[in-house]
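Structure data (mmCIF, C-alpha atoms) from structure_8.cif:
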data_entry
#
loop_
_atom_site.label_atom_id
_atom_site.label_comp_id
_atom_site.auth_asym_id
_atom_site.auth_seq_id
_atom_site.Cartn_x
_atom_site.Cartn_y
_atom_site.Cartn_z
CA MET A 12 118.57 160.95 1.52
CA ALA A 13 115.07 160.98 2.96
CA ILE A 14 113.04 163.74 4.59
CA ASN A 15 110.13 163.09 6.95
CA SER A 16 107.90 165.55 8.81
CA ALA A 17 105.41 165.25 11.66
CA ASN A 18 103.40 167.37 14.06
CA ILE A 19 104.41 167.13 17.73
CA ASN A 20 101.55 166.61 20.18
CA ASN A 21 101.44 167.47 23.87
CA SER A 22 101.97 163.78 24.67
CA ASN A 23 104.70 161.38 23.54
CA THR A 24 104.54 161.24 19.75
CA THR A 25 106.68 158.96 17.57
CA VAL A 26 107.95 161.40 14.96
CA TYR A 27 110.36 159.02 13.22
CA THR A 28 110.91 155.25 13.08
CA SER A 29 114.03 153.95 11.36
CA SER A 30 113.41 151.54 8.51
CA GLY A 31 116.75 149.77 8.12
CA ASN A 32 119.97 151.37 9.36
CA ASN A 33 119.94 155.14 8.95
CA ALA A 34 122.07 158.10 9.93
CA VAL A 35 120.18 161.15 11.12
CA THR A 36 121.89 164.09 9.41
CA CYS A 37 119.72 166.94 10.66
CA MET A 38 116.55 167.63 12.66
CA TRP A 39 114.47 170.82 12.65
CA VAL A 40 111.77 171.77 15.15
CA CYS A 41 109.69 174.79 14.19
CA ASN A 42 107.20 176.71 16.30
CA VAL A 43 104.49 177.46 13.74
CA ASP A 44 102.31 179.63 16.01
CA ASN A 45 100.83 182.31 13.77
CA PRO A 46 100.63 185.10 14.69
CA PRO A 47 103.66 184.35 16.84
CA VAL A 48 102.45 184.50 20.43
CA SER A 49 103.00 181.20 22.27
CA SER A 50 106.24 179.48 23.18
CA ALA A 51 106.34 175.69 23.50
CA ASP A 52 108.80 173.41 25.30
CA LEU A 53 110.29 170.47 23.38
CA THR A 54 111.29 167.11 24.85
CA LEU A 55 113.02 164.44 22.69
CA HIS A 56 113.88 160.78 23.28
CA PHE A 57 115.98 158.42 21.15
CA VAL A 58 114.38 155.04 21.84
CA LYS A 59 115.99 151.72 20.90
CA GLN A 60 113.61 149.20 19.36
CA GLY A 61 111.68 147.40 22.10
CA ASP A 62 112.68 149.84 24.87
CA PRO A 63 110.22 152.05 26.74
CA ILE A 64 110.36 155.86 26.83
CA THR A 65 112.28 156.80 29.99
CA ASN A 66 114.49 159.55 31.37
CA THR A 67 117.45 157.36 30.38
CA ASN A 68 116.81 157.87 26.64
CA MET A 69 115.83 161.55 26.93
CA VAL A 70 118.19 163.77 24.93
CA VAL A 71 116.34 167.11 25.14
CA ASN A 72 114.39 168.14 28.23
CA ALA A 73 111.81 170.94 27.96
CA LEU A 74 113.79 173.15 25.55
CA PRO A 75 111.85 176.39 24.99
CA VAL A 76 111.06 177.05 21.31
CA PRO A 77 109.91 180.68 20.98
CA PRO A 78 107.03 181.52 18.65
CA GLY A 79 108.06 181.78 15.01
CA GLU A 80 111.50 180.25 15.70
CA THR A 81 113.22 177.06 14.51
CA VAL A 82 115.67 174.91 16.47
CA VAL A 83 118.18 172.96 14.38
CA PHE A 84 120.05 169.86 15.57
CA ASP A 85 122.88 169.23 13.11
CA ALA A 86 126.14 169.13 15.07
CA GLU A 87 126.12 165.37 15.73
CA LYS A 88 125.01 162.45 13.58
CA ILE A 89 122.99 159.61 15.12
CA ILE A 90 123.02 156.08 13.72
CA MET A 91 119.68 154.32 14.17
CA ASP A 92 119.02 150.60 13.75
CA ASN A 93 115.88 149.19 12.21
CA GLY A 94 112.90 149.94 14.49
CA ASP A 95 114.64 152.56 16.61
CA ARG A 96 112.54 155.68 16.97
CA ILE A 97 112.54 159.33 17.89
CA VAL A 98 109.76 160.34 20.25
CA ALA A 99 108.88 163.98 20.90
CA SER A 100 106.45 165.87 23.07
CA ALA A 101 105.55 169.53 23.36
CA SER A 102 104.14 171.54 26.23
CA ALA A 103 101.30 172.62 23.94
CA ALA A 104 99.70 170.75 21.05
CA GLY A 105 99.61 172.22 17.55
CA LEU A 106 102.62 174.53 17.90
CA LEU A 107 105.69 172.43 17.02
CA THR A 108 106.54 170.59 13.81
CA PHE A 109 109.42 168.14 13.39
CA THR A 110 111.40 167.53 10.20
CA ILE A 111 114.24 165.04 9.87
CA SER A 112 116.79 164.30 7.17
CA THR A 113 118.28 160.79 7.11
CA ILE A 114 120.58 158.75 4.92
CA GLN A 115 120.76 154.96 4.73
CA VAL A 116 124.02 153.43 5.99
#

Kindly transcribe the structure held in the file into structure tokens.
Amino acid sequence: MAINSANINNSNTTVYTSSGNNAVTCMWVCNVDNPPVSSADLTLHFVKQGDPITNTNMVVNALPVPPGETVVFDAEKIIMDNGDRIVASASAAGLLTFTISTIQV
């Protein structure tokens, strides 16, 4: 099992690129605003290798993440091929962090 973390910018940010075939077991997005004042909206795309970022591969659209809160995505597992990536953006830079747990399949 591998764990990777990244900051989410206010523009499209590749937060994970699959190296080999991997199953995403869990993703956490945390609003680290301290003191907790500002909410930020999260947008996520699952992008197949070689494809552009479009509305077609958007899986989360402007989900509000309140200050000091964490959103967990763990109900479904996603299988990613080599080079597939997860791209995230936030409505404000410096507020959201992304952590992912994967396992090679």

Selection result for the PyMOL selection byres ((chain A and resi 34) around 7) on this file, as an NGL selection string: :A and (33 or 35-36 or 88-91 or 113-116)

Proximity to A:Tyr27 - best of A:Asn45, A:Leu55, A:Val83, A:Ala101, only C-alpha atoms: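 Using only C-alpha atoms, the shortest distance to A:Tyr27 belongs to A:Leu55.
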
Atomic distance atom CA of A:Ala51 - atom CA of A:Ile97, expressed in Å with one decimal: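 Distance between the two atoms: 18.4 Å.
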
Nearest to A:Pro77 by atom-to-atom distance, counting all atoms listed in the file, from A:Ala17, A:Ile111, A:Ile64, A:Val40: A:Val40

Pairwise distance for atom CA of A:Cys37 and atom CA of A:Ser49, rounded to one decimal in Å: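 That distance, rounded to one decimal, is 24.9 Å.
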
Residues near A:Asn42, cut-off 8 Å, only C-alpha atoms, skip fewer than 5 positions along chain, as a ChimeraX atom specification: /A:50-51,76-81,106-108

Neighbour list for A:Gly61 as JSON, numbers by chain, cut-off 10 Å, all atoms listed in the file, skip fewer than 5 positions in-chain: {"A": [94, 95, 96]}

Residue nearest A:Asn18 - candidates A:Val70, A:Asn32, A:Ala104, A:Ser112, atoms counted: all atoms listed in the file: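 Residue with the minimum atom-to-atom distance to A:Asn18: A:Ala104.
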
Shortest interatomic distance to A:Phe84 - which of A:Asn21, A:Asn66, A:Thr110, A:Thr28, counting all atoms listed in the file: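 Of the candidates, the smallest distance to A:Phe84 is held by A:Thr110.
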
Distance criterion (only C-alpha atoms): nearest to A:Val71 out of A:Ala99, A:Lys59, A:Asp92, A:Val26: A:Ala99

Surrounding residues of A:Asn72 excluding itself and chain neighbours under 4 positions, 9 Å, all atoms listed in the file, as a list in words: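 The contact residues come out as Asp52, Leu53, Thr54, Leu55 and His56 of chain A.
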
Store the residues picked out above in a file with C-alpha atoms, as a PDB file, in the coordinates of the input.
ATOM      1  CA  ASP A  52     108.800 173.410  25.300  1.00  0.00           C
ATOM      2  CA  LEU A  53     110.290 170.470  23.380  1.00  0.00           C
ATOM      3  CA  THR A  54     111.290 167.110  24.850  1.00  0.00           C
ATOM      4  CA  LEU A  55     113.020 164.440  22.690  1.00  0.00           C
ATOM      5  CA  HIS A  56     113.880 160.780  23.280  1.00  0.00           C
TER       6      HIS A  56
END

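Taking only C-alpha atoms into account, A:Asn68 lies nearest to A:Val98 out of the set A:Val98, A:Ile19, A:Met38, A:Ile14.
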
Could you list the residues chosen by the PyMOL selection byres ((chain A and resi 30) around 6) in this structure as a PDB file with C-alpha atoms, in the frame of the given file?
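Okay, expr_30.pdb is ready:
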ATOM      1  CA  SER A  29     114.030 153.950  11.360  1.00  0.00           C
ATOM      2  CA  GLY A  31     116.750 149.770   8.120  1.00  0.00           C
ATOM      3  CA  ASN A  93     115.880 149.190  12.210  1.00  0.00           C
TER       4      ASN A  93
END

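Picture a line from atom CA of A:Ala73 to atom CA of A:Ser102; it runs 7.9 Å.
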